[in-house]
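**Q** What follows is a structure written as structure tokens; I'll ask about it next.
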Amino acid sequence: MNSFDFLGSEQTVFSNPDALDQDFVPKLLPHREEQQRFLATAIKPIIQNRSGMSVIAHGPSGVGKTASTKRVLMDLEELADADGVAKVFVNCWKANTTYKIMTEIANQLGFRFTHNLKTNEIINRVLEKLEKRDGLVLVLDEADKADDYDFLYHILENISKKTLILLTNENDWGSKLDFRITSRLTPELVEFKEYNLSETKDILSERVKYAFFQGVWDENALDLLAHRATEFKDIRFGIALLKLSGEIAESESSKKITITHVETAINKLPAFKIKSSADFNDTENFVMKICEEFSGRTTGKLYKIYSDRGGKKSEKTFKRILDALAKKRIITQRPTGDGFKGRSSIIEFRSPEKKLTEY
Ligand SMILES: Nc1ncnc2c1ncn2[C@@H]1O[C@H](COP(=O)(O)OP(=O)(O)O)[C@@H](O)[C@H]1O
Ligand SMILES: [Mg+2]
């Protein structure tokens, strides 16, 4: 007998575990049909060689903004009529300056010799490349996270056939933009609302079909899971629970996933872990760990600890990261009224235990 006999292929509950990965983009996104149609309508004129419409899509995190937009872009890739259209997807959290964003656009356009170029040289090269294409569809994910918007101005000013899709967590972000940008962008707004219980159930049931063998999920177990995911207000939590529950069932050599497996998964899954995996880079994880270890200190103290431990980012960038963590409900910031312009805050890490007993 082999020690791994229990791993026989008939024992797995997963038909396609990749469908539970963070960056998996399902073919169908239930309850996002309307938003996807809106985005497609904004892009359509480009395919017909006319000028497109720009869109700001807003809503909290984990409501399908990124996934819906990626699906629309993937569908566009499949259209022969749109072959000549440049399709670019940039995350402004990862590339947050005009230089980095333009370099990223250049790379996606297949132009690789960008190092040693100055910012304005890259801008010119990108614009030259784009002028040769039959229009541009540019998605800026986490658009509010960019440090400057010069790149946007140059694109708006120089590229005539374009659709810009800007994704953001902030509701009124568009109104904060510089007039020289808004006057050229004139965006339509589309809102992505939090999913309610029945929508969450539909989405998770659909994902179950992609990822698991038929019949392995106990109806009540899935129901409990959907309730928790709805309360957590982030479908990512639900998807992570699907995965972990399946793994727990497998580790017990169970062919069914039951309420007990889901309960174990809920108790095991730190909110912190799901939020920290794919969405954050090393710096953000580093800041997050410091917030966890030194929860309850002020912004200034935390920055000092960060620097003492070898952190190299400026205090401004550090605060930007804290703001983002707060938005993702990983920490809370309570202003003390002290400090420079009264901007000092007490940072509290929202521990997963506390989070989970809130249910
Ligand atoms: N309507 C939906 N149908 C299927 N999966 C969804 C849906 N909405 C969100 N998801 C999934 O949930 C996760 C979070 O969605 P995402 O698009 O990243 O949210 P946001 O960009 O709004 O923060 C992704 O893995 C995505 O595939
Ligand atoms: Mg997103």
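Labels for the structure tokens follow display order: chains A, B, ..., residues from 1 in each chain, ligands from 1.
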List all protein, DNA and RNA residues that have an atom no more than 7 Å from any atom of ligand 1, counting only C-alpha atoms and all ligand atoms, and report them as a list of chain:residue names.
**A** A:Asp21, A:Gln22, A:Asp23, A:Phe24, A:Val25, A:Pro26, A:Leu28, A:Leu29, A:Pro30, A:His31, A:Arg32, A:Gly59, A:Pro60, A:Ser61, A:Gly62, A:Val63, A:Gly64, A:Lys65, A:Thr66, A:Ala67, A:Ser68, A:Ile203, A:Arg207, A:Ile235, A:Arg236
**Q** What's the 8 Å shell around Val137 (chain A), counting only C-alpha atoms, without same-chain residues fewer than 2 positions away, as a short mmCIF file (atom, residue, chain, number, x, y, z; two decimals) with C-alpha atoms, in the first residue's frame?
**A**
```cif
data_model
loop_
_atom_site.label_atom_id
_atom_site.label_comp_id
_atom_site.auth_asym_id
_atom_site.auth_seq_id
_atom_site.Cartn_x
_atom_site.Cartn_y
_atom_site.Cartn_z
CA ILE A 43 -16.63 50.59 -26.29
CA VAL A 85 -7.97 48.36 -31.42
CA ALA A 86 -5.33 48.67 -28.69
CA LYS A 87 -6.58 47.05 -25.49
CA VAL A 88 -4.71 47.93 -22.34
CA GLY A 135 -8.51 53.34 -31.40
CA VAL A 139 -8.82 50.31 -18.38
CA LYS A 162 -10.77 55.99 -27.27
CA THR A 163 -12.78 54.56 -24.42
CA LEU A 164 -11.33 54.96 -20.98
CA ILE A 165 -12.72 52.81 -18.20
#
```
**Q** Just give me the gap between CA of Thr283 (chain A) and CA of Val90 (chain A) in Å, one decimal is fine.
**A**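 Those two atoms sit 19.3 Å apart.
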**Q** Could you give me, as a list of chain:residue names, each residue of region 174-204 of chain A that DSSP assigns to alpha helix (DSSP H) when run on this structure's backbone?
**A** A:Gly174, A:Ser175, A:Lys176, A:Phe179, A:Arg180, A:Ile181, A:Thr182, A:Ser183, A:Arg184, A:Leu185, A:Leu197, A:Ser198, A:Glu199, A:Thr200, A:Lys201, A:Asp202, A:Ile203, A:Leu204
**Q** Run DSSP on the backbone and tell me which residues of region 120-152 of chain A come out as strand (DSSP E or B); list them as a ChimeraX atom specification.
**A** /A:136-141
**Q** Store the residues picked out above in a file with N, CA, C and O atoms, as a JSON list (two decimals), in the first residue's frame.
**A**
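Saved the output as selection_1.json:
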```
[["chain", "number", "residue", "atom", "x", "y", "z"],
["A", 136, "LEU", "N", -8.35, 53.09, -29.02],
["A", 136, "LEU", "CA", -7.78, 52.58, -27.76],
["A", 136, "LEU", "C", -8.89, 52.29, -26.75],
["A", 136, "LEU", "O", -9.79, 53.10, -26.58],
["A", 137, "VAL", "N", -8.80, 51.13, -26.13],
["A", 137, "VAL", "CA", -9.62, 50.88, -24.95],
["A", 137, "VAL", "C", -8.65, 50.73, -23.78],
["A", 137, "VAL", "O", -7.84, 49.81, -23.76],
["A", 138, "LEU", "N", -8.71, 51.68, -22.87],
["A", 138, "LEU", "CA", -7.77, 51.68, -21.75],
["A", 138, "LEU", "C", -8.54, 51.53, -20.44],
["A", 138, "LEU", "O", -9.41, 52.34, -20.13],
["A", 139, "VAL", "N", -8.22, 50.49, -19.70],
["A", 139, "VAL", "CA", -8.82, 50.31, -18.38],
["A", 139, "VAL", "C", -7.79, 50.71, -17.33],
["A", 139, "VAL", "O", -6.65, 50.26, -17.36],
["A", 140, "LEU", "N", -8.21, 51.57, -16.42],
["A", 140, "LEU", "CA", -7.35, 51.94, -15.28],
["A", 140, "LEU", "C", -8.00, 51.39, -14.03],
["A", 140, "LEU", "O", -9.00, 51.93, -13.54],
["A", 141, "ASP", "N", -7.48, 50.27, -13.56],
["A", 141, "ASP", "CA", -8.03, 49.67, -12.36],
["A", 141, "ASP", "C", -7.43, 50.41, -11.16],
["A", 141, "ASP", "O", -6.29, 50.85, -11.22]]
```
**Q** Tell me which protein, DNA and RNA residues are within 6 Å of region 221-231 of chain A, counting only C-alpha atoms, leaving out same-chain ones fewer than 6 positions away, and put them as a PyMOL selection string.
**A** chain A and resi 197+201+237-238+258-259
**Q** Could you list, as a ChimeraX atom specification, every residue within 6 Å of Gly296 (chain A), counting only C-alpha atoms and ignoring same-chain residues fewer than 4 positions away?
**A** /A:346-348
**Q** Take the residues that were just selected and, keeping C-alpha atoms, output them as a short mmCIF file (atom, residue, chain, number, x, y, z; two decimals), in the first residue's frame.
**A**
```cif
data_model
loop_
_atom_site.label_atom_id
_atom_site.label_comp_id
_atom_site.auth_asym_id
_atom_site.auth_seq_id
_atom_site.Cartn_x
_atom_site.Cartn_y
_atom_site.Cartn_z
CA ILE A 346 -4.70 55.77 15.96
CA ILE A 347 -4.45 52.69 13.80
CA GLU A 348 -6.26 49.57 14.91
#
```
**Q** Which is closest to Thr299 (chain A) among A:Ile257, A:Ile331, A:Ala57, A:Leu269, if we use only C-alpha atoms?
**A**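 Answer, going by the shortest atom-to-atom distance: A:Ile331.
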**Q** With distances taken over only C-alpha atoms and all ligand atoms, which residue among A:Gln35, A:Gln11, A:Asn169, A:Ser295 lies nearest ligand 2?
**A** A:Asn169
